[in-house]
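A.B. asks: Please read through the structure below; I'll follow up with questions.
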Amino acid sequence: MTVTVDLKNVEIVPARPEDADFIAWIVAQGMHMDHVPSFLKAACSRDDTLYSWKQTRLLRYEGQLAGGLVSYDGATHEERRKRTWVMPDGRLLSSGDIPETTAGEYYLDSLAIVPEFRGHGLWRLLFDDAVEMAKRDGFHRVALIYDVSYPPLAQRYTSYGFVPEESFEYFGTICRKMSLCI
């Protein structure tokens with residue numbers, strides 16, 4: 001069921017440690033997972049991982065969680081990745097040879113909108129918020145990757161001003177990087 005959204009009742013707030021389960025859902029949605037692994041919930045509850053609550057902004061509609069975006073300084077990606085993708089047996093999962101993001105980029109990592117709130121452009125509010133944070137922190141470039149098997153994402157991000165760059169394999173999925181100069 002889709003709800004009618006009055007944008008006056010939308011707020012974007014910093015996540016808190018107690019939001020870790022919702023943040024893990026956001027990340028899992030971005031990776032097309034049907035369930036949220038426990039290691040992901042644990043990673044979201046920490047402050048030193050890729051998907052930390054400290055790097056997440058949540059969208060609330062009339063007090064209800066409606067979506068969120070994990071974003072951060074690309075220079076911190078590699079170090080945080082090592083703390084995030086260590087499996088219980090000690091293996092570090094690798095995403096491949098091409099980094100998702102690098103120093104000098106503000107990276108939009110994981111975005112999801114709760115199904116009943118989709119179709120109202122709420123993702124744009126989260127992007128606007130992240131771009132403002134990037135500008136405030138002195139960045140001139142915002143980057144993201146998307147799964148090329150979902151062409152509507154390319155259209156959505158292009159409509160925002162992102163420009164396509166190289167494609168690469170990421171955890172077995174062909175992704176394309178896009179960037180926005182700000």
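Every chain in the structure tokens has a letter given in the order shown (A, B, ...), and although residue numbers restart at 1 in each chain, ligands are simply numbered from 1 in the order shown.
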Within stretch 32-131 of chain A, find each residue whose DSSP state, derived from the backbone, is helix (DSSP H, G or I), and express the selection as a ChimeraX atom specification.
C.D. replies: /A:38-45,53-55,74-84,115-117,122-131
A.B. asks: Distance table requested - stretch 12-60 of chain A against stretch 125-130 of chain A, cut-off 10 Å, only C-alpha atoms: one row per qualifying residue with the closest atom pair and its distance in Å to one decimal, ordered by chain and rising residue number, as a tab-separated table.
C.D. replies:
residue	atom	partner	partner_atom	distance
A:Ile12	CA	A:Leu126	CA	7.4
A:Val13	CA	A:Asp129	CA	9.9
A:Thr56	CA	A:Ala130	CA	9.7
A:Arg57	CA	A:Leu126	CA	7.7
A:Leu58	CA	A:Leu126	CA	8.1
A:Leu59	CA	A:Leu126	CA	7.3
A.B. asks: Of the candidates A:Cys44, A:Ala134, A:Ala75, A:Ala15, which shows the shortest atom-to-atom distance to A:Ile182, using only C-alpha atoms?
C.D. replies: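 Once distances to A:Ile182 are computed over only C-alpha atoms, the minimum belongs to A:Ala134.
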A.B. asks: Pick the closest to A:Lys177 from A:Asp47, A:Asp137, A:Glu100, A:Glu62: which is it, counting only C-alpha atoms?
C.D. replies: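 Nearest candidate to A:Lys177 out of A:Asp47, A:Asp137, A:Glu100, A:Glu62: A:Glu100.
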A.B. asks: Give me the residues near A:Gly121 as a VMD selection string, where near means some atom within 10 Å (using only C-alpha atoms) and where sequence neighbours in that chain fewer than 4 positions away do not count.
C.D. replies: chain A and resid 5 7 113 117 125 to 126 156
A.B. asks: Compile the contact shell of A:Val114 as a ChimeraX atom specification: residues with an atom at most 10 Å away, counting only C-alpha atoms, same-chain residues fewer than 2 positions apart removed.
C.D. replies: /A:2,25-26,29,59,65-68,112,116-118
A.B. asks: Save out the residues we just selected, C-alpha atoms, as a compact mmCIF listing (two decimals), in the first residue's frame.
C.D. replies:
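What follows is the written file result19.txt:
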# COMPACT_ATOMS: atom_id res chain seq x y z
CA THR A 2 1.40 3.40 -1.01
CA TRP A 25 17.77 -3.13 6.05
CA ILE A 26 18.76 -0.12 3.89
CA GLN A 29 18.00 -3.51 0.00
CA LEU A 59 14.11 10.16 6.43
CA LEU A 65 11.04 5.79 9.37
CA ALA A 66 10.52 6.06 5.61
CA GLY A 67 14.05 5.65 4.24
CA GLY A 68 17.69 6.49 4.59
CA ALA A 112 16.48 2.70 0.37
CA GLU A 116 4.84 2.23 0.96
CA PHE A 117 6.67 5.57 0.67
CA ARG A 118 8.14 4.98 -2.79
A.B. asks: Do you know which residues are at most 12 Å from A:Thr173 counting only C-alpha atoms, after dropping those on the same chain fewer than 3 positions away, and could you put them as a ChimeraX atom specification?
C.D. replies: /A:30-32,95-96,145-150,167-170,176
